[in-house]
$ cat final_13.pdb   # PDB, C-alpha atoms
ATOM      1  CA  MET A   1       6.251  -3.038 -12.212
ATOM      2  CA  PRO A   2       7.141   0.011 -14.320
ATOM      3  CA  PRO A   3       6.466   0.576 -18.049
ATOM      4  CA  LEU A   4       9.458  -0.017 -20.303
ATOM      5  CA  GLU A   5       9.606   3.624 -21.395
ATOM      6  CA  SER A   6      10.366   4.776 -17.848
ATOM      7  CA  LEU A   7      13.452   2.541 -17.652
ATOM      8  CA  GLU A   8      15.485   4.006 -20.518
ATOM      9  CA  HIS A   9      17.180   6.670 -18.398
ATOM     10  CA  GLU A  10      18.527   4.084 -15.932
ATOM     11  CA  PHE A  11      19.030   1.301 -18.496
ATOM     12  CA  PRO A  12      19.995   2.773 -21.905
ATOM     13  CA  ILE A  13      19.765  -0.668 -23.531
ATOM     14  CA  ILE A  14      15.953  -0.375 -23.187
ATOM     15  CA  ASP A  15      15.813   2.223 -25.968
ATOM     16  CA  ILE A  16      13.088   2.967 -28.482
ATOM     17  CA  GLY A  17      14.285   0.206 -30.819
ATOM     18  CA  PHE A  18      14.007  -2.419 -28.087
ATOM     19  CA  ARG A  19      10.636  -1.052 -26.961
ATOM     20  CA  GLN A  20       9.278  -1.189 -30.530
ATOM     21  CA  PHE A  21      10.358  -4.823 -30.744
ATOM     22  CA  CYS A  22       8.597  -5.517 -27.441
ATOM     23  CA  ALA A  23       5.496  -3.604 -28.507
ATOM     24  CA  SER A  24       5.195  -5.844 -31.581
ATOM     25  CA  HIS A  25       4.727  -8.695 -29.099
ATOM     26  CA  SER A  26       2.340  -6.736 -26.816
ATOM     27  CA  LEU A  27       5.029  -6.161 -24.184
ATOM     28  CA  PHE A  28       4.792  -2.672 -22.723
ATOM     29  CA  SER A  29       5.913  -3.149 -19.110
ATOM     30  CA  VAL A  30       8.172  -5.371 -17.030
ATOM     31  CA  GLU A  31       5.021  -7.022 -15.733
ATOM     32  CA  ASP A  32       4.103  -8.178 -19.248
ATOM     33  CA  PHE A  33       7.271 -10.285 -19.355
ATOM     34  CA  LEU A  34       5.942 -12.380 -16.454
ATOM     35  CA  VAL A  35       3.159 -13.803 -18.622
ATOM     36  CA  HIS A  36       5.044 -14.098 -21.906
ATOM     37  CA  ASP A  37       6.986 -17.088 -23.231
ATOM     38  CA  ILE A  38      10.526 -15.681 -23.011
ATOM     39  CA  THR A  39      11.979 -18.635 -24.913
ATOM     40  CA  VAL A  40       9.893 -17.772 -27.961
ATOM     41  CA  LEU A  41      10.765 -14.085 -27.609
ATOM     42  CA  VAL A  42      14.502 -14.846 -27.595
ATOM     43  CA  ARG A  43      14.146 -17.052 -30.674
ATOM     44  CA  VAL A  44      12.359 -14.276 -32.546
ATOM     45  CA  ALA A  45      15.054 -11.806 -31.467
ATOM     46  CA  GLU A  46      17.755 -14.074 -32.921
ATOM     47  CA  HIS A  47      16.331 -13.545 -36.409
ATOM     48  CA  GLN A  48      16.514  -9.743 -36.187
ATOM     49  CA  SER A  49      19.400  -7.706 -37.581
ATOM     50  CA  ASP A  50      20.182  -6.317 -34.133
ATOM     51  CA  SER A  51      19.680  -9.650 -32.335
ATOM     52  CA  ASN A  52      22.544  -9.172 -29.859
ATOM     53  CA  LYS A  53      21.194  -5.831 -28.700
ATOM     54  CA  LEU A  54      17.665  -7.208 -28.357
ATOM     55  CA  LYS A  55      18.863 -10.185 -26.312
ATOM     56  CA  GLN A  56      20.831  -7.834 -24.083
ATOM     57  CA  GLY A  57      17.624  -5.900 -23.506
ATOM     58  CA  ILE A  58      15.742  -9.091 -22.636
ATOM     59  CA  SER A  59      18.538 -10.027 -20.240
ATOM     60  CA  GLN A  60      18.252  -6.609 -18.587
ATOM     61  CA  ILE A  61      14.490  -7.012 -18.099
ATOM     62  CA  LEU A  62      15.019 -10.421 -16.496
ATOM     63  CA  SER A  63      17.626  -8.858 -14.197
ATOM     64  CA  ILE A  64      15.069  -6.241 -13.127
ATOM     65  CA  ILE A  65      12.563  -8.995 -12.342
ATOM     66  CA  ASP A  66      15.229 -10.869 -10.388
ATOM     67  CA  SER A  67      16.028  -7.756  -8.341
ATOM     68  CA  GLN A  68      12.444  -7.682  -7.030
ATOM     69  CA  HIS A  69      13.104 -10.710  -4.813
ATOM     70  CA  GLN A  70      13.371  -9.986  -1.102
ATOM     71  CA  PRO A  71      16.876 -10.357   0.425
ATOM     72  CA  TRP A  72      17.635 -13.002   3.033
ATOM     73  CA  VAL A  73      17.228 -11.943   6.659
ATOM     74  CA  ASN A  74      18.472 -13.694   9.774
ATOM     75  CA  GLY A  75      16.571 -14.717  12.901
ATOM     76  CA  VAL A  76      17.748 -11.747  14.964
ATOM     77  CA  GLU A  77      16.447  -9.293  12.364
ATOM     78  CA  LEU A  78      13.105 -11.112  12.139
ATOM     79  CA  LEU A  79      12.700 -11.099  15.928
ATOM     80  CA  LYS A  80      13.529  -7.392  16.141
ATOM     81  CA  ASP A  81      11.074  -6.619  13.356
ATOM     82  CA  ALA A  82       8.346  -8.657  15.048
ATOM     83  CA  ARG A  83       8.828  -6.913  18.409
ATOM     84  CA  GLN A  84       8.920  -3.404  17.005
ATOM     85  CA  ASN A  85       6.385  -3.389  14.188
ATOM     86  CA  LYS A  86       4.065  -6.379  14.126
ATOM     87  CA  HIS A  87       1.207  -5.289  16.356
ATOM     88  CA  VAL A  88      -2.216  -6.874  16.032
ATOM     89  CA  LEU A  89      -5.623  -5.544  15.002
ATOM     90  CA  SER A  90      -8.657  -7.086  16.650
ATOM     91  CA  THR A  91     -11.224  -8.541  14.239
ATOM     92  CA  GLY A  92     -14.045  -7.874  16.665
ATOM     93  CA  CYS A  93     -14.674 -11.612  16.937
ATOM     94  CA  GLU A  94     -13.351 -12.849  20.266
ATOM     95  CA  GLY A  95     -13.032 -16.491  19.216
ATOM     96  CA  LEU A  96     -11.112 -15.673  16.029
ATOM     97  CA  ASP A  97      -8.827 -13.250  17.865
ATOM     98  CA  LEU A  98      -8.029 -16.051  20.307
ATOM     99  CA  VAL A  99      -7.066 -18.384  17.438
ATOM    100  CA  LEU A 100      -4.930 -15.645  15.855
ATOM    101  CA  HIS A 101      -3.217 -14.811  19.184
ATOM    102  CA  GLY A 102      -4.762 -11.363  19.416
ATOM    103  CA  GLY A 103      -5.986 -10.610  15.922
ATOM    104  CA  LEU A 104      -4.682  -9.743  12.471
ATOM    105  CA  ARG A 105      -0.957  -9.093  12.597
ATOM    106  CA  LYS A 106       0.261  -5.875  11.007
ATOM    107  CA  GLY A 107       3.019  -6.399   8.490
ATOM    108  CA  GLN A 108       1.806  -9.875   7.595
ATOM    109  CA  LEU A 109      -0.704 -11.591   5.321
ATOM    110  CA  THR A 110      -3.409 -13.719   6.941
ATOM    111  CA  GLU A 111      -5.370 -16.177   4.815
ATOM    112  CA  LEU A 112      -8.875 -17.260   5.775
ATOM    113  CA  VAL A 113     -10.005 -20.425   3.974
ATOM    114  CA  GLY A 114     -13.324 -22.240   4.097
ATOM    115  CA  PRO A 115     -16.239 -23.553   2.041
ATOM    116  CA  SER A 116     -18.879 -21.283   0.550
ATOM    117  CA  CYS A 117     -21.453 -19.883   2.986
ATOM    118  CA  SER A 118     -19.207 -20.561   5.988
ATOM    119  CA  GLY A 119     -19.137 -16.919   7.107
ATOM    120  CA  LYS A 120     -15.745 -15.810   5.741
ATOM    121  CA  THR A 121     -17.098 -12.601   4.201
ATOM    122  CA  GLN A 122     -19.008 -11.768   7.382
ATOM    123  CA  VAL A 123     -15.758 -12.058   9.341
ATOM    124  CA  CYS A 124     -14.101  -9.630   6.912
ATOM    125  CA  LEU A 125     -16.944  -7.123   7.073
ATOM    126  CA  GLN A 126     -16.868  -7.300  10.870
ATOM    127  CA  ALA A 127     -13.070  -6.875  10.888
ATOM    128  CA  ALA A 128     -13.325  -3.872   8.555
ATOM    129  CA  SER A 129     -15.950  -2.259  10.808
ATOM    130  CA  ASN A 130     -13.994  -2.962  13.982
ATOM    131  CA  VAL A 131     -10.676  -1.615  12.625
ATOM    132  CA  ALA A 132     -12.355   1.551  11.317
ATOM    133  CA  TYR A 133     -14.073   2.104  14.675
ATOM    134  CA  LYS A 134     -11.499   0.958  17.237
ATOM    135  CA  TYR A 135      -8.308   2.181  15.536
ATOM    136  CA  VAL A 136      -9.754   5.221  13.671
ATOM    137  CA  SER A 137      -8.126   3.884  10.514
ATOM    138  CA  SER A 138      -8.868   3.417   6.834
ATOM    139  CA  VAL A 139      -9.704  -0.015   5.439
ATOM    140  CA  MET A 140      -9.480  -1.075   1.788
ATOM    141  CA  PHE A 141     -11.715  -3.897   0.578
ATOM    142  CA  LEU A 142     -10.887  -5.361  -2.855
ATOM    143  CA  ASP A 143     -14.029  -7.182  -3.956
ATOM    144  CA  MET A 144     -13.653  -9.823  -6.685
ATOM    145  CA  SER A 145     -16.719 -11.860  -5.744
ATOM    146  CA  ASN A 146     -19.398  -9.159  -5.444
ATOM    147  CA  SER A 147     -19.484  -9.902  -1.723
ATOM    148  CA  PHE A 148     -19.215  -6.462  -0.106
ATOM    149  CA  SER A 149     -22.389  -5.427   1.696
ATOM    150  CA  ALA A 150     -22.614  -1.812   2.841
ATOM    151  CA  LYS A 151     -25.837  -2.658   4.666
ATOM    152  CA  ARG A 152     -24.120  -5.376   6.678
ATOM    153  CA  VAL A 153     -21.203  -3.058   7.513
ATOM    154  CA  SER A 154     -23.629  -0.422   8.788
ATOM    155  CA  CYS A 155     -25.205  -3.052  11.066
ATOM    156  CA  PHE A 156     -21.808  -3.925  12.540
ATOM    157  CA  ILE A 157     -21.001  -0.236  13.082
ATOM    158  CA  ASP A 158     -24.398   0.444  14.684
ATOM    159  CA  HIS A 159     -23.680  -2.365  17.133
ATOM    160  CA  LEU A 160     -20.245  -0.899  17.933
ATOM    161  CA  LEU A 161     -21.636   2.618  18.469
ATOM    162  CA  GLY A 162     -24.277   1.366  20.892
ATOM    163  CA  PRO A 163     -27.072   3.570  22.268
ATOM    164  CA  SER A 164     -26.491   7.239  21.458
ATOM    165  CA  PRO A 165     -28.432  10.272  20.190
ATOM    166  CA  ALA A 166     -29.686   9.839  16.611
ATOM    167  CA  GLN A 167     -27.694  12.815  15.274
ATOM    168  CA  VAL A 168     -24.450  11.555  16.801
ATOM    169  CA  THR A 169     -25.105   8.053  15.485
ATOM    170  CA  ARG A 170     -25.698   9.337  11.936
ATOM    171  CA  GLU A 171     -22.537  11.447  11.937
ATOM    172  CA  SER A 172     -20.396   8.661  13.399
ATOM    173  CA  LEU A 173     -21.864   6.098  11.011
ATOM    174  CA  GLU A 174     -21.154   8.322   8.016
ATOM    175  CA  ARG A 175     -17.591   9.010   9.159
ATOM    176  CA  LEU A 176     -16.810   5.334   9.721
ATOM    177  CA  MET A 177     -18.460   4.211   6.475
ATOM    178  CA  ASN A 178     -16.365   6.777   4.592
ATOM    179  CA  SER A 179     -13.198   5.248   6.039
ATOM    180  CA  ILE A 180     -13.998   1.833   4.480
ATOM    181  CA  LEU A 181     -13.135   1.964   0.784
ATOM    182  CA  CYS A 182     -14.381  -0.745  -1.571
ATOM    183  CA  HIS A 183     -12.939  -1.393  -5.046
ATOM    184  CA  PHE A 184     -14.494  -3.911  -7.431
ATOM    185  CA  VAL A 185     -11.947  -5.943  -9.416
ATOM    186  CA  PHE A 186     -12.859  -8.048 -12.441
ATOM    187  CA  ASP A 187      -9.591  -9.567 -13.679
ATOM    188  CA  ILE A 188      -6.094 -10.355 -12.411
ATOM    189  CA  PHE A 189      -4.495  -7.517 -14.364
ATOM    190  CA  GLY A 190      -6.888  -5.041 -12.809
ATOM    191  CA  LEU A 191      -5.870  -6.374  -9.394
ATOM    192  CA  LEU A 192      -2.144  -6.020 -10.135
ATOM    193  CA  GLY A 193      -2.681  -2.471 -11.406
ATOM    194  CA  LEU A 194      -4.683  -1.560  -8.310
ATOM    195  CA  LEU A 195      -2.006  -2.981  -5.996
ATOM    196  CA  HIS A 196       0.641  -0.915  -7.790
ATOM    197  CA  GLU A 197      -1.494   2.218  -7.390
ATOM    198  CA  LEU A 198      -1.913   1.469  -3.698
ATOM    199  CA  GLU A 199       1.838   1.002  -3.303
ATOM    200  CA  LEU A 200       2.528   4.377  -4.929
ATOM    201  CA  LYS A 201      -0.098   6.023  -2.718
ATOM    202  CA  LEU A 202       1.318   4.497   0.461
ATOM    203  CA  LYS A 203       4.855   5.429  -0.557
ATOM    204  CA  SER A 204       3.853   9.060  -1.091
ATOM    205  CA  GLN A 205       2.216   9.169   2.353
ATOM    206  CA  VAL A 206       5.180   7.810   4.318
ATOM    207  CA  GLY A 207       6.096  10.303   7.014
ATOM    208  CA  THR A 208       3.174  12.641   6.222
ATOM    209  CA  GLY A 209       0.614  11.152   8.580
ATOM    210  CA  GLU A 210      -1.939  10.986   5.753
ATOM    211  CA  GLY A 211      -3.959   8.006   4.611
ATOM    212  CA  ASN A 212      -3.609   5.841   7.733
ATOM    213  CA  VAL A 213      -4.539   2.575   5.977
ATOM    214  CA  ARG A 214      -4.324  -0.228   8.550
ATOM    215  CA  LEU A 215      -6.135  -3.124   6.846
ATOM    216  CA  LEU A 216      -6.348  -4.456   3.286
ATOM    217  CA  ILE A 217      -8.954  -7.147   2.562
ATOM    218  CA  ILE A 218      -8.906  -9.341  -0.565
ATOM    219  CA  ASP A 219     -11.980 -11.409  -1.485
ATOM    220  CA  SER A 220     -10.756 -13.525  -3.288
ATOM    221  CA  ILE A 221      -7.819 -14.031  -5.694
ATOM    222  CA  SER A 222      -8.762 -17.572  -6.681
ATOM    223  CA  SER A 223     -11.867 -16.292  -8.480
ATOM    224  CA  LEU A 224      -9.566 -14.328 -10.806
ATOM    225  CA  ILE A 225      -6.793 -16.917 -11.128
ATOM    226  CA  THR A 226      -8.867 -20.052 -11.748
ATOM    227  CA  PRO A 227      -9.876 -19.165 -15.360
ATOM    228  CA  ILE A 228      -6.239 -18.748 -16.455
ATOM    229  CA  LEU A 229      -4.490 -21.288 -14.238
ATOM    230  CA  GLY A 230      -5.243 -24.482 -16.136
ATOM    231  CA  GLY A 231      -3.718 -23.588 -19.504
ATOM    232  CA  CYS A 232      -0.721 -25.128 -21.214
ATOM    233  CA  GLY A 233       1.766 -22.574 -19.882
ATOM    234  CA  ALA A 234       2.918 -21.287 -16.530
ATOM    235  CA  GLN A 235       1.355 -17.822 -16.932
ATOM    236  CA  GLY A 236      -1.432 -18.404 -14.397
ATOM    237  CA  HIS A 237       1.016 -19.688 -11.799
ATOM    238  CA  SER A 238       3.368 -16.750 -12.428
ATOM    239  CA  LEU A 239       0.536 -14.262 -11.956
ATOM    240  CA  MET A 240      -0.560 -15.969  -8.745
ATOM    241  CA  ILE A 241       2.989 -15.882  -7.381
ATOM    242  CA  TYR A 242       3.396 -12.227  -8.342
ATOM    243  CA  ALA A 243       0.076 -11.185  -6.763
ATOM    244  CA  GLY A 244       1.106 -12.936  -3.537
ATOM    245  CA  TYR A 245       4.479 -11.204  -3.649
ATOM    246  CA  LEU A 246       2.852  -7.767  -4.030
ATOM    247  CA  LEU A 247       0.466  -8.381  -1.135
ATOM    248  CA  LYS A 248       3.255  -9.482   1.206
ATOM    249  CA  LYS A 249       5.397  -6.559   0.073
ATOM    250  CA  LEU A 250       2.629  -4.066   0.878
ATOM    251  CA  ALA A 251       2.097  -5.675   4.273
ATOM    252  CA  HIS A 252       5.773  -5.743   5.232
ATOM    253  CA  GLU A 253       7.010  -2.414   3.853
ATOM    254  CA  TYR A 254       4.022  -0.311   4.950
ATOM    255  CA  ASN A 255       3.154  -2.221   8.130
ATOM    256  CA  ILE A 256      -0.469  -2.934   7.265
ATOM    257  CA  ALA A 257      -2.481  -6.084   7.920
ATOM    258  CA  VAL A 258      -3.600  -7.994   4.829
ATOM    259  CA  LEU A 259      -6.549 -10.373   5.124
ATOM    260  CA  GLU A 260      -7.121 -12.642   2.136
ATOM    261  CA  LEU A 261     -10.208 -14.813   1.741
ATOM    262  CA  GLU A 262     -10.173 -18.063  -0.210
ATOM    263  CA  LYS A 263     -12.933 -20.593  -0.611
ATOM    264  CA  GLU A 264     -12.380 -24.315  -0.921
ATOM    265  CA  ASN A 265     -12.537 -24.309  -4.703
ATOM    266  CA  LYS A 266     -12.306 -27.696  -6.420
ATOM    267  CA  ASP A 267     -11.842 -26.124  -9.865
ATOM    268  CA  PHE A 268      -8.985 -23.987  -8.561
ATOM    269  CA  PHE A 269      -7.010 -26.911  -7.143
ATOM    270  CA  GLU A 270      -7.684 -29.118 -10.173
ATOM    271  CA  ALA A 271      -6.390 -26.368 -12.464
ATOM    272  CA  TYR A 272      -3.403 -25.875 -10.182
ATOM    273  CA  ALA A 273      -2.627 -29.613 -10.327
ATOM    274  CA  ARG A 274      -2.968 -29.756 -14.126
ATOM    275  CA  ASN A 275      -0.541 -26.872 -14.402
ATOM    276  CA  ARG A 276       1.983 -28.446 -12.046
ATOM    277  CA  GLY A 277       3.700 -30.449 -14.779
ATOM    278  CA  ASP A 278       4.454 -27.251 -16.685
ATOM    279  CA  ARG A 279       5.813 -25.567 -13.572
ATOM    280  CA  MET A 280       8.129 -28.474 -12.870
ATOM    281  CA  SER A 281       9.862 -27.768 -16.197
ATOM    282  CA  GLU A 282      10.461 -24.075 -15.469
ATOM    283  CA  SER A 283      14.056 -24.775 -14.395
ATOM    284  CA  GLU A 284      14.670 -26.374 -17.774
ATOM    285  CA  THR A 285      13.153 -23.342 -19.479
ATOM    286  CA  THR A 286      15.403 -21.061 -17.427
ATOM    287  CA  GLU A 287      18.477 -23.044 -18.502
ATOM    288  CA  LYS A 288      17.463 -22.743 -22.144
ATOM    289  CA  ILE A 289      17.008 -18.990 -21.853
ATOM    290  CA  GLN A 290      20.354 -18.559 -20.114
ATOM    291  CA  LYS A 291      22.060 -20.639 -22.799
ATOM    292  CA  MET A 292      20.519 -18.581 -25.599
ATOM    293  CA  LEU A 293      21.404 -15.306 -23.905
ATOM    294  CA  SER A 294      24.952 -16.447 -23.157
ATOM    295  CA  GLU A 295      25.727 -16.291 -26.869
ATOM    296  CA  SER A 296      25.222 -12.551 -26.903
ATOM    297  CA  SER A 297      27.143 -12.239 -23.616
ATOM    298  CA  ALA A 298      30.132 -13.913 -25.227
ATOM    299  CA  THR A 299      30.193 -11.332 -28.008
ATOM    300  CA  SER A 300      29.326  -8.414 -25.705
ATOM    301  CA  PRO A 301      31.349  -8.620 -22.439
ATOM    302  CA  GLY A 302      29.380  -5.788 -20.853
ATOM    303  CA  CYS A 303      26.136  -7.722 -20.939
ATOM    304  CA  ARG A 304      25.002  -9.741 -17.925
ATOM    305  CA  SER A 305      22.467 -12.562 -18.172
ATOM    306  CA  SER A 306      20.224 -13.154 -15.213
ATOM    307  CA  VAL A 307      16.971 -15.064 -14.983
ATOM    308  CA  GLY A 308      14.912 -14.684 -11.824
ATOM    309  CA  SER A 309      13.599 -17.739  -9.997
ATOM    310  CA  GLN A 310      10.089 -17.625  -8.656
ATOM    311  CA  ASP A 311       9.336 -17.871  -4.966
ATOM    312  CA  GLU A 312       7.047 -20.829  -4.313
ATOM    313  CA  ASN A 313       6.200 -19.556  -0.825
ATOM    314  CA  ASP A 314       3.384 -17.342  -2.063
ATOM    315  CA  ARG A 315       1.187 -17.619   0.991
ATOM    316  CA  ASP A 316       1.427 -17.376   4.795
ATOM    317  CA  GLU A 317      -1.558 -19.414   5.968
ATOM    318  CA  HIS A 318      -3.331 -18.979   9.269
ATOM    319  CA  ASP A 319      -5.847 -21.741   9.913
TER     320      ASP A 319
END
$ encode --input "final_13.pdb" --output "structure tokens"
Amino acid sequence: MPPLESLEHEFPIIDIGFRQFCASHSLFSVEDFLVHDITVLVRVAEHQSDSNKLKQGISQILSIIDSQHQPWVNGVELLKDARQNKHVLSTGCEGLDLVLHGGLRKGQLTELVGPSCSGKTQVCLQAASNVAYKYVSSVMFLDMSNSFSAKRVSCFIDHLLGPSPAQVTRESLERLMNSILCHFVFDIFGLLGLLHELELKLKSQVGTGEGNVRLLIIDSISSLITPILGGCGAQGHSLMIYAGYLLKKLAHEYNIAVLELEKENKDFFEAYARNRGDRMSESETTEKIQKMLSESSATSPGCRSSVGSQDENDRDEHD
């Protein structure tokens, strides 16, 4: 999501005064509002001399967040989209392709779940090698678990190339290895920033024939979310929902396959369960925010209050 400064031209209410107020609370982008207690922010704004203007600005930010939600589509549109765009990419593993009805579906997110040491990363490395070789495409591997093995990828590619002259093998191996890009990610904010960069890159390449990214691999979000999921607020849950939204958006809008790995993580699910009570009260929090913002709306007819609801369907699972 964009920095606040870039929004002033389209939304004059987000002026330097409002941005300075936000900066005093470490809010510099729309994304920062997702992990901040908006109720507290509104209460602080009420004690400022320009409280109405500040609350109008907060309302505008919440409207921007709300606008990010995908519109409803009907069955006919979904069927048409599936027939035209959602082709499959073979993983190179015949048994897995059979389970997935042909392979990884472009335009969708596939989640691979299993215990540690069950071979999930090997499947991803094989899929990356196979897509790079068979479809002459780029693959992005976002590594959050220090799991990427260039040596293992080279073994998969050598097997795909088969017997051939040494010089040809070296050149082909180098070309295919260069088409598999690995990024190491160490925290959830780094992941969100990287996904935004990827979105901008893909958007700039639409219609140019450049880039040709077919597969995005994530290994694994839970390792980043678990440390912040079990707190007393809903920030961890909000970040998890937002990361899932970005991944599905990239898959759908740019017609790429997204493969996400998750291990059966007891700590993750315990933290998720502890946080569930806080998430159940989010509707109450939303009502409080709307009530507080409605005061400024009553005095300023031109102001609209809108609080976005979060989509609980953050994952499309493929067992």
$ residues_around --input "final_13.pdb" --residues "Glu31 of chain A" --least-positions-apart "2" --cutoff "9 Å" --atoms "all atoms listed in the file" --output "tab-separated table (two decimals) with C-alpha atoms, in the coordinates of the input"
chain	number	residue	atom	x	y	z
A	1	MET	CA	6.25	-3.04	-12.21
A	2	PRO	CA	7.14	0.01	-14.32
A	3	PRO	CA	6.47	0.58	-18.05
A	27	LEU	CA	5.03	-6.16	-24.18
A	28	PHE	CA	4.79	-2.67	-22.72
A	29	SER	CA	5.91	-3.15	-19.11
A	33	PHE	CA	7.27	-10.28	-19.36
A	34	LEU	CA	5.94	-12.38	-16.45
A	35	VAL	CA	3.16	-13.80	-18.62
A	65	ILE	CA	12.56	-8.99	-12.34
$ resolve_selection --input "final_13.pdb" --expression "the PyMOL selection byres ((chain A and resi 142) around 8)" --output "number ranges by chain"
A: 140-141, 143-144, 182-185, 216-219
$ resolve_selection --input "final_13.pdb" --expression "the PyMOL selection byres ((chain A and resi 112) around 6)" --output "number ranges by chain"
A: 111, 113, 261
$ write_last_selection --input "final_13.pdb" --atoms "C-alpha atoms" --output "tab-separated table (two decimals), in the coordinates of the input"
chain	number	residue	atom	x	y	z
A	111	GLU	CA	-5.37	-16.18	4.82
A	113	VAL	CA	-10.01	-20.42	3.97
A	261	LEU	CA	-10.21	-14.81	1.74
$ atom_distance --input "final_13.pdb" --atom1 "atom CA of Ala23 of chain A" --atom2 "atom CA of Ala45 of chain A"
12.9 Å
$ resolve_selection --input "final_13.pdb" --expression "the PyMOL selection byres ((chain A and resi 114) around 8)" --output "PyMOL selection string"
chain A and resi 112-113+115-116+118+120+262-264
$ atom_distance --input "final_13.pdb" --atom1 "atom CA of Leu200 of chain A" --atom2 "atom CA of Leu250 of chain A"
10.2 Å
$ atom_distance --input "final_13.pdb" --atom1 "atom CA of Leu89 of chain A" --atom2 "atom CA of Tyr245 of chain A"
22.0 Å
$ closest_residue --input "final_13.pdb" --among "A:Asn255, A:Asn74, A:Ser129, A:Ser147" --to "Val88 of chain A" --atoms "only C-alpha atoms"
A:Asn255
$ residues_near_point --input "final_13.pdb" --point "(-6.6, -5.7, 11.2)" --cutoff "7 Å" --atoms "only C-alpha atoms" --output "VMD selection string"
chain A and resid 88 to 91 103 to 106 127 131 214 to 215 257
$ closest_residue --input "final_13.pdb" --among "A:Ser238, A:Ser220, A:Ser154, A:Asp66" --to "Asp37 of chain A" --atoms "all atoms listed in the file"
A:Ser238
$ closest_residue --input "final_13.pdb" --among "A:Tyr133, A:Phe186, A:Tyr242, A:Phe148" --to "Leu224 of chain A" --atoms "all atoms listed in the file"
A:Phe186
$ closest_residue --input "final_13.pdb" --among "A:Lys203, A:Lys248, A:His159, A:His101" --to "Glu260 of chain A" --atoms "all atoms listed in the file"
A:Lys248
$ residues_around --input "final_13.pdb" --residues "Arg175 of chain A" --least-positions-apart "6" --cutoff "10 Å" --atoms "only C-alpha atoms" --output "PyMOL selection string"
chain A and resi 132-133+136+169
$ closest_residue --input "final_13.pdb" --among "A:Leu198, A:Ile38, A:Met177, A:Val206" --to "Ser138 of chain A" --atoms "all atoms listed in the file"
A:Met177
$ closest_residue --input "final_13.pdb" --among "A:Gln122, A:Ser49, A:Gln108, A:Asn212" --to "Tyr135 of chain A" --atoms "all atoms listed in the file"
A:Asn212
